[in-house]
There are 2 protein chains.
Amino acid sequence: MKAVVTVMLKDGVLDPQGRAIGHALTNLGFAGVGEVRAGKVIEITLDETDPAAARATAEAMAAKLLANPVIESFAVEIKP
Amino acid sequence: MKAVVTVMLKDGVLDPQGRAIGHALTNLGFAGVGEVRAGKVIEITLDETDPAAARATAEAMAAKLLANPVIESFAVEIKP
């Protein structure tokens, strides 16, 4: 199975990277750009064949290594 | 509308960050970890209200600024 972990800064946490991207897009001539948030996505191929077990493993990985729970939240998606 | 642009390294392009994450997960005791790929996700809030136009704008943004087309591919998802 493949687990896709998306890690984003929590709402309210200042995101300088997102802000810089927003400014760059406006400077490039794109109109109507509002808030921009930047995050990470990690695709992990797992030997696990059970979707529920794969999700539990990926959530443990995210909590332990991939995300900083103080300032980041994560979402896990399981693909066959 | 909100556009979510996911940028990943193309298949075949060496991904040292993904490899480092894979090694770290194995060292933390997670078994059965295969290939790991790391990428970026950028959430852009757009004033645009038409989904098709929002997608076209987000694809132009990705091609022009967010992704390096030589080594990266991107996917755009539009959310209300």
# chains A, B, ... in the order shown; residues from 1 in each chain; ligands from 1

call {"tool": "residues_around", "arguments": {"residues": "Glu43 (chain A)", "least_positions_apart": "3", "cutoff": "9 Å", "atoms": "only C-alpha atoms", "output": "ChimeraX atom specification"}}
result
/A:2-6 /B:18,35-39

call {"tool": "write_last_selection", "arguments": {"atoms": "N, CA, C and O atoms", "output": "short mmCIF file (atom, residue, chain, number, x, y, z; two decimals), in the first residue's frame"}}
result
data_model
loop_
_atom_site.label_atom_id
_atom_site.label_comp_id
_atom_site.auth_asym_id
_atom_site.auth_seq_id
_atom_site.Cartn_x
_atom_site.Cartn_y
_atom_site.Cartn_z
N LYS A 2 0.28 2.32 -0.44
CA LYS A 2 1.00 3.59 -0.43
C LYS A 2 0.28 4.55 0.54
O LYS A 2 -0.94 4.67 0.50
N ALA A 3 1.05 5.15 1.42
CA ALA A 3 0.48 6.13 2.35
C ALA A 3 0.97 7.51 1.94
O ALA A 3 2.16 7.71 1.72
N VAL A 4 0.03 8.44 1.81
CA VAL A 4 0.38 9.81 1.48
C VAL A 4 0.10 10.68 2.71
O VAL A 4 -1.05 10.82 3.13
N VAL A 5 1.16 11.20 3.30
CA VAL A 5 1.03 12.03 4.50
C VAL A 5 1.22 13.48 4.10
O VAL A 5 2.25 13.85 3.54
N THR A 6 0.20 14.30 4.36
CA THR A 6 0.28 15.73 4.06
C THR A 6 0.45 16.48 5.38
O THR A 6 -0.35 16.32 6.29
N GLY B 18 13.59 12.19 0.53
CA GLY B 18 12.74 11.01 0.72
C GLY B 18 13.53 9.83 1.25
O GLY B 18 13.08 9.11 2.15
N GLU B 35 9.93 2.51 -0.80
CA GLU B 35 10.38 3.80 -1.30
C GLU B 35 9.63 4.96 -0.62
O GLU B 35 8.43 4.85 -0.37
N VAL B 36 10.32 6.02 -0.33
CA VAL B 36 9.71 7.22 0.23
C VAL B 36 10.04 8.38 -0.69
O VAL B 36 11.19 8.56 -1.09
N ARG B 37 9.02 9.16 -1.06
CA ARG B 37 9.22 10.34 -1.91
C ARG B 37 8.69 11.56 -1.16
O ARG B 37 7.60 11.51 -0.58
N ALA B 38 9.45 12.63 -1.17
CA ALA B 38 9.03 13.84 -0.49
C ALA B 38 8.68 14.91 -1.53
O ALA B 38 9.35 15.02 -2.56
N GLY B 39 7.64 15.65 -1.26
CA GLY B 39 7.23 16.71 -2.16
C GLY B 39 6.66 17.89 -1.41
O GLY B 39 6.72 17.95 -0.18
#

call {"tool": "residues_around", "arguments": {"residues": "Ala62 (chain A)", "least_positions_apart": "5", "cutoff": "10 Å", "atoms": "only C-alpha atoms", "output": "ChimeraX atom specification"}}
result
/A:5-7,42,56-57,67-69,73-76 /B:25

call {"tool": "calpha_fit_and_write", "arguments": {"fixed": "chain A", "moving": "chain B", "output": "short mmCIF file (atom, residue, chain, number, x, y, z; two decimals) with C-alpha atoms, in the first residue's frame"}}
result
data_model
loop_
_atom_site.label_atom_id
_atom_site.label_comp_id
_atom_site.auth_asym_id
_atom_site.auth_seq_id
_atom_site.Cartn_x
_atom_site.Cartn_y
_atom_site.Cartn_z
CA MET B 1 0.00 -0.01 0.02
CA LYS B 2 0.99 3.59 -0.42
CA ALA B 3 0.47 6.13 2.35
CA VAL B 4 0.38 9.81 1.47
CA VAL B 5 1.02 12.03 4.50
CA THR B 6 0.28 15.73 4.05
CA VAL B 7 1.81 18.01 6.68
CA MET B 8 0.63 21.62 6.95
CA LEU B 9 1.30 24.36 9.45
CA LYS B 10 -1.64 24.79 11.81
CA ASP B 11 -4.00 27.69 11.25
CA GLY B 12 -2.67 30.72 13.04
CA VAL B 13 0.97 29.71 12.71
CA LEU B 14 2.85 32.24 10.61
CA ASP B 15 3.84 30.75 7.25
CA PRO B 16 6.62 32.89 5.75
CA GLN B 17 7.20 30.48 2.87
CA GLY B 18 3.54 30.62 1.88
CA ARG B 19 3.56 34.39 2.17
CA ALA B 20 6.65 34.65 -0.05
CA ILE B 21 4.98 32.44 -2.67
CA GLY B 22 1.86 34.64 -2.53
CA HIS B 23 3.91 37.79 -3.09
CA ALA B 24 5.84 36.17 -5.93
CA LEU B 25 2.60 35.12 -7.64
CA THR B 26 1.20 38.64 -7.36
CA ASN B 27 4.46 40.09 -8.70
CA LEU B 28 4.26 37.67 -11.65
CA GLY B 29 0.91 39.23 -12.57
CA PHE B 30 -1.56 36.73 -11.09
CA ALA B 31 -4.57 38.63 -9.75
CA GLY B 32 -6.90 37.65 -6.92
CA VAL B 33 -4.36 35.68 -4.90
CA GLY B 34 -5.46 35.37 -1.28
CA GLU B 35 -3.78 33.43 1.48
CA VAL B 36 -1.12 30.92 0.45
CA ARG B 37 0.00 28.08 2.74
CA ALA B 38 2.95 25.84 2.02
CA GLY B 39 3.31 22.31 3.33
CA LYS B 40 4.97 18.98 2.75
CA VAL B 41 3.73 15.76 1.26
CA ILE B 42 5.45 12.43 1.90
CA GLU B 43 4.57 9.32 -0.11
CA ILE B 44 5.56 6.12 1.68
CA THR B 45 5.39 2.69 0.08
CA LEU B 46 4.55 0.13 2.77
CA ASP B 47 4.71 -3.68 2.64
CA GLU B 48 1.51 -3.70 4.74
CA THR B 49 -1.52 -4.95 2.75
CA ASP B 50 -4.31 -4.10 5.22
CA PRO B 51 -5.54 -0.50 4.68
CA ALA B 52 -6.47 0.05 8.35
CA ALA B 53 -3.08 -1.18 9.57
CA ALA B 54 -1.31 0.90 6.91
CA ARG B 55 -3.20 3.99 8.09
CA ALA B 56 -2.31 3.31 11.73
CA THR B 57 1.36 2.88 10.78
CA ALA B 58 1.40 6.06 8.69
CA GLU B 59 -0.26 8.04 11.50
CA ALA B 60 2.35 6.79 13.95
CA MET B 61 5.10 7.77 11.50
CA ALA B 62 3.62 11.23 11.09
CA ALA B 63 3.24 11.76 14.84
CA LYS B 64 6.75 10.48 15.59
CA LEU B 65 8.83 11.88 12.74
CA LEU B 66 7.12 13.63 9.86
CA ALA B 67 5.17 16.37 11.63
CA ASN B 68 5.93 18.64 14.54
CA PRO B 69 2.69 18.40 16.54
CA VAL B 70 3.27 21.76 18.21
CA ILE B 71 2.93 23.76 14.99
CA GLU B 72 1.89 21.27 12.31
CA SER B 73 -1.12 19.11 11.58
CA PHE B 74 -1.15 16.13 9.26
CA ALA B 75 -3.57 14.12 7.17
CA VAL B 76 -3.06 10.53 5.99
CA GLU B 77 -4.46 9.09 2.77
CA ILE B 78 -4.08 5.40 1.94
CA LYS B 79 -3.85 4.25 -1.67
CA PRO B 80 -3.68 0.68 -2.96
#

call {"tool": "select_by_dssp", "arguments": {"residues": "chain A", "states": "strand (DSSP E)", "output": "short mmCIF file (atom, residue, chain, number, x, y, z; two decimals) with N, CA, C and O atoms, in the first residue's frame"}}
result
data_model
loop_
_atom_site.label_atom_id
_atom_site.label_comp_id
_atom_site.auth_asym_id
_atom_site.auth_seq_id
_atom_site.Cartn_x
_atom_site.Cartn_y
_atom_site.Cartn_z
N LYS A 2 0.28 2.32 -0.44
CA LYS A 2 1.00 3.59 -0.43
C LYS A 2 0.28 4.55 0.54
O LYS A 2 -0.94 4.67 0.50
N ALA A 3 1.05 5.15 1.42
CA ALA A 3 0.48 6.13 2.35
C ALA A 3 0.97 7.51 1.94
O ALA A 3 2.16 7.71 1.72
N VAL A 4 0.03 8.44 1.81
CA VAL A 4 0.38 9.81 1.48
C VAL A 4 0.10 10.68 2.71
O VAL A 4 -1.05 10.82 3.13
N VAL A 5 1.16 11.20 3.30
CA VAL A 5 1.03 12.03 4.50
C VAL A 5 1.22 13.48 4.10
O VAL A 5 2.25 13.85 3.54
N THR A 6 0.20 14.30 4.36
CA THR A 6 0.28 15.73 4.06
C THR A 6 0.45 16.48 5.38
O THR A 6 -0.35 16.32 6.29
N VAL A 7 1.49 17.27 5.46
CA VAL A 7 1.80 18.02 6.69
C VAL A 7 1.68 19.50 6.39
O VAL A 7 2.33 20.03 5.49
N MET A 8 0.80 20.17 7.13
CA MET A 8 0.62 21.62 6.96
C MET A 8 0.83 22.31 8.30
O MET A 8 0.57 21.72 9.36
N LEU A 9 1.26 23.55 8.24
CA LEU A 9 1.29 24.36 9.46
C LEU A 9 -0.13 24.56 9.95
O LEU A 9 -1.06 24.71 9.15
N VAL A 33 -5.02 36.70 -5.75
CA VAL A 33 -4.37 35.69 -4.91
C VAL A 33 -4.60 36.05 -3.45
O VAL A 33 -4.23 37.13 -3.01
N GLY A 34 -5.23 35.16 -2.71
CA GLY A 34 -5.45 35.38 -1.28
C GLY A 34 -4.37 34.71 -0.47
O GLY A 34 -3.20 34.74 -0.84
N GLU A 35 -4.78 34.06 0.61
CA GLU A 35 -3.79 33.43 1.49
C GLU A 35 -3.14 32.23 0.78
O GLU A 35 -3.81 31.48 0.06
N VAL A 36 -1.85 32.07 0.99
CA VAL A 36 -1.12 30.92 0.45
C VAL A 36 -0.46 30.20 1.62
O VAL A 36 0.17 30.84 2.46
N ARG A 37 -0.63 28.88 1.67
CA ARG A 37 -0.01 28.08 2.73
C ARG A 37 0.85 27.01 2.07
O ARG A 37 0.42 26.36 1.11
N ALA A 38 2.04 26.84 2.59
CA ALA A 38 2.95 25.83 2.02
C ALA A 38 3.10 24.68 3.00
O ALA A 38 3.15 24.89 4.22
N GLY A 39 3.13 23.48 2.48
CA GLY A 39 3.29 22.30 3.34
C GLY A 39 4.11 21.25 2.64
O GLY A 39 4.65 21.46 1.56
N LYS A 40 4.18 20.09 3.29
CA LYS A 40 4.96 18.98 2.77
C LYS A 40 4.05 17.81 2.48
O LYS A 40 3.02 17.62 3.15
N VAL A 41 4.44 17.01 1.50
CA VAL A 41 3.73 15.77 1.26
C VAL A 41 4.77 14.65 1.18
O VAL A 41 5.82 14.82 0.55
N ILE A 42 4.51 13.55 1.88
CA ILE A 42 5.45 12.44 1.90
C ILE A 42 4.70 11.17 1.48
O ILE A 42 3.72 10.79 2.11
N GLU A 43 5.15 10.57 0.40
CA GLU A 43 4.56 9.33 -0.10
C GLU A 43 5.42 8.16 0.37
O GLU A 43 6.60 8.08 0.04
N ILE A 44 4.81 7.25 1.12
CA ILE A 44 5.56 6.13 1.68
C ILE A 44 4.98 4.83 1.15
O ILE A 44 3.78 4.56 1.30
N THR A 45 5.81 4.03 0.52
CA THR A 45 5.39 2.71 0.08
C THR A 45 5.58 1.73 1.24
O THR A 45 6.68 1.65 1.80
N LEU A 46 4.50 1.05 1.61
CA LEU A 46 4.55 0.13 2.76
C LEU A 46 4.29 -1.30 2.30
O LEU A 46 3.48 -1.53 1.41
N GLU A 72 2.36 21.85 13.57
CA GLU A 72 1.90 21.26 12.31
C GLU A 72 0.77 20.25 12.55
O GLU A 72 0.74 19.58 13.58
N SER A 73 -0.11 20.16 11.57
CA SER A 73 -1.12 19.10 11.59
C SER A 73 -0.88 18.22 10.37
O SER A 73 -0.27 18.65 9.41
N PHE A 74 -1.37 16.99 10.41
CA PHE A 74 -1.15 16.12 9.27
C PHE A 74 -2.43 15.38 8.89
O PHE A 74 -3.34 15.23 9.71
N ALA A 75 -2.48 14.94 7.65
CA ALA A 75 -3.58 14.10 7.17
C ALA A 75 -2.97 12.92 6.45
O ALA A 75 -1.94 13.06 5.77
N VAL A 76 -3.57 11.74 6.62
CA VAL A 76 -3.06 10.53 5.99
C VAL A 76 -4.08 10.02 4.99
O VAL A 76 -5.28 9.96 5.27
N GLU A 77 -3.60 9.68 3.80
CA GLU A 77 -4.46 9.09 2.78
C GLU A 77 -3.81 7.76 2.37
O GLU A 77 -2.60 7.72 2.16
N ILE A 78 -4.62 6.71 2.29
CA ILE A 78 -4.09 5.40 1.93
C ILE A 78 -4.52 5.05 0.52
O ILE A 78 -5.70 5.18 0.18
N LYS A 79 -3.54 4.65 -0.30
CA LYS A 79 -3.85 4.26 -1.68
C LYS A 79 -3.40 2.82 -1.89
O LYS A 79 -2.39 2.41 -1.32
#

call {"tool": "select_by_dssp", "arguments": {"residues": "region 21-76 of chain A", "states": "helix (DSSP H, G or I)", "output": "list in words"}}
result
Ile21, Gly22, His23, Ala24, Leu25, Thr26, Asn27, Pro51, Ala52, Ala53, Ala54, Arg55, Ala56, Thr57, Ala58, Glu59, Ala60, Met61, Ala62, Ala63, Lys64, Leu65 and Leu66 of chain A

call {"tool": "write_last_selection", "arguments": {"atoms": "N, CA and C atoms", "output": "mmCIF file, in the first residue's frame"}}
result
data_model
loop_
_atom_site.group_PDB
_atom_site.id
_atom_site.type_symbol
_atom_site.label_atom_id
_atom_site.label_comp_id
_atom_site.auth_asym_id
_atom_site.auth_seq_id
_atom_site.Cartn_x
_atom_site.Cartn_y
_atom_site.Cartn_z
ATOM 1 N N ILE A 21 5.545 32.965 -1.425
ATOM 2 C CA ILE A 21 4.978 32.444 -2.675
ATOM 3 C C ILE A 21 3.836 33.344 -3.138
ATOM 4 N N GLY A 22 2.980 33.758 -2.195
ATOM 5 C CA GLY A 22 1.868 34.646 -2.527
ATOM 6 C C GLY A 22 2.350 35.948 -3.150
ATOM 7 N N HIS A 23 3.376 36.538 -2.531
ATOM 8 C CA HIS A 23 3.919 37.787 -3.083
ATOM 9 C C HIS A 23 4.507 37.563 -4.470
ATOM 10 N N ALA A 24 5.222 36.449 -4.634
ATOM 11 C CA ALA A 24 5.841 36.162 -5.935
ATOM 12 C C ALA A 24 4.771 35.990 -7.008
ATOM 13 N N LEU A 25 3.674 35.311 -6.668
ATOM 14 C CA LEU A 25 2.598 35.110 -7.651
ATOM 15 C C LEU A 25 1.990 36.456 -8.048
ATOM 16 N N THR A 26 1.759 37.310 -7.069
ATOM 17 C CA THR A 26 1.206 38.637 -7.375
ATOM 18 C C THR A 26 2.172 39.427 -8.249
ATOM 19 N N ASN A 27 3.460 39.352 -7.925
ATOM 20 C CA ASN A 27 4.468 40.068 -8.722
ATOM 21 C C ASN A 27 4.555 39.525 -10.147
ATOM 22 N N PRO A 51 -5.441 -1.941 4.679
ATOM 23 C CA PRO A 51 -5.541 -0.478 4.683
ATOM 24 C C PRO A 51 -5.595 0.118 6.092
ATOM 25 N N ALA A 52 -6.340 -0.505 6.998
ATOM 26 C CA ALA A 52 -6.467 0.051 8.349
ATOM 27 C C ALA A 52 -5.126 0.023 9.068
ATOM 28 N N ALA A 53 -4.398 -1.086 8.918
ATOM 29 C CA ALA A 53 -3.085 -1.188 9.558
ATOM 30 C C ALA A 53 -2.104 -0.197 8.927
ATOM 31 N N ALA A 54 -2.199 -0.041 7.609
ATOM 32 C CA ALA A 54 -1.314 0.899 6.921
ATOM 33 C C ALA A 54 -1.577 2.317 7.407
ATOM 34 N N ARG A 55 -2.863 2.650 7.605
ATOM 35 C CA ARG A 55 -3.217 3.987 8.094
ATOM 36 C C ARG A 55 -2.658 4.203 9.495
ATOM 37 N N ALA A 56 -2.811 3.198 10.354
ATOM 38 C CA ALA A 56 -2.306 3.322 11.728
ATOM 39 C C ALA A 56 -0.795 3.520 11.724
ATOM 40 N N THR A 57 -0.098 2.750 10.876
ATOM 41 C CA THR A 57 1.361 2.891 10.780
ATOM 42 C C THR A 57 1.750 4.283 10.301
ATOM 43 N N ALA A 58 1.068 4.745 9.261
ATOM 44 C CA ALA A 58 1.405 6.057 8.696
ATOM 45 C C ALA A 58 1.125 7.166 9.709
ATOM 46 N N GLU A 59 0.049 7.020 10.493
ATOM 47 C CA GLU A 59 -0.257 8.043 11.506
ATOM 48 C C GLU A 59 0.805 8.045 12.594
ATOM 49 N N ALA A 60 1.276 6.857 12.964
ATOM 50 C CA ALA A 60 2.353 6.787 13.966
ATOM 51 C C ALA A 60 3.630 7.422 13.419
ATOM 52 N N MET A 61 3.931 7.167 12.127
ATOM 53 C CA MET A 61 5.116 7.776 11.493
ATOM 54 C C MET A 61 5.017 9.293 11.501
ATOM 55 N N ALA A 62 3.820 9.788 11.172
ATOM 56 C CA ALA A 62 3.627 11.244 11.109
ATOM 57 C C ALA A 62 3.789 11.858 12.489
ATOM 58 N N ALA A 63 3.193 11.213 13.495
ATOM 59 C CA ALA A 63 3.244 11.764 14.848
ATOM 60 C C ALA A 63 4.671 11.729 15.392
ATOM 61 N N LYS A 64 5.425 10.685 14.998
ATOM 62 C CA LYS A 64 6.749 10.481 15.591
ATOM 63 C C LYS A 64 7.852 11.237 14.843
ATOM 64 N N LEU A 65 7.732 11.336 13.522
ATOM 65 C CA LEU A 65 8.847 11.882 12.744
ATOM 66 C C LEU A 65 8.455 12.987 11.762
ATOM 67 N N LEU A 66 7.351 12.772 11.025
ATOM 68 C CA LEU A 66 7.116 13.617 9.848
ATOM 69 C C LEU A 66 6.560 14.992 10.190
#
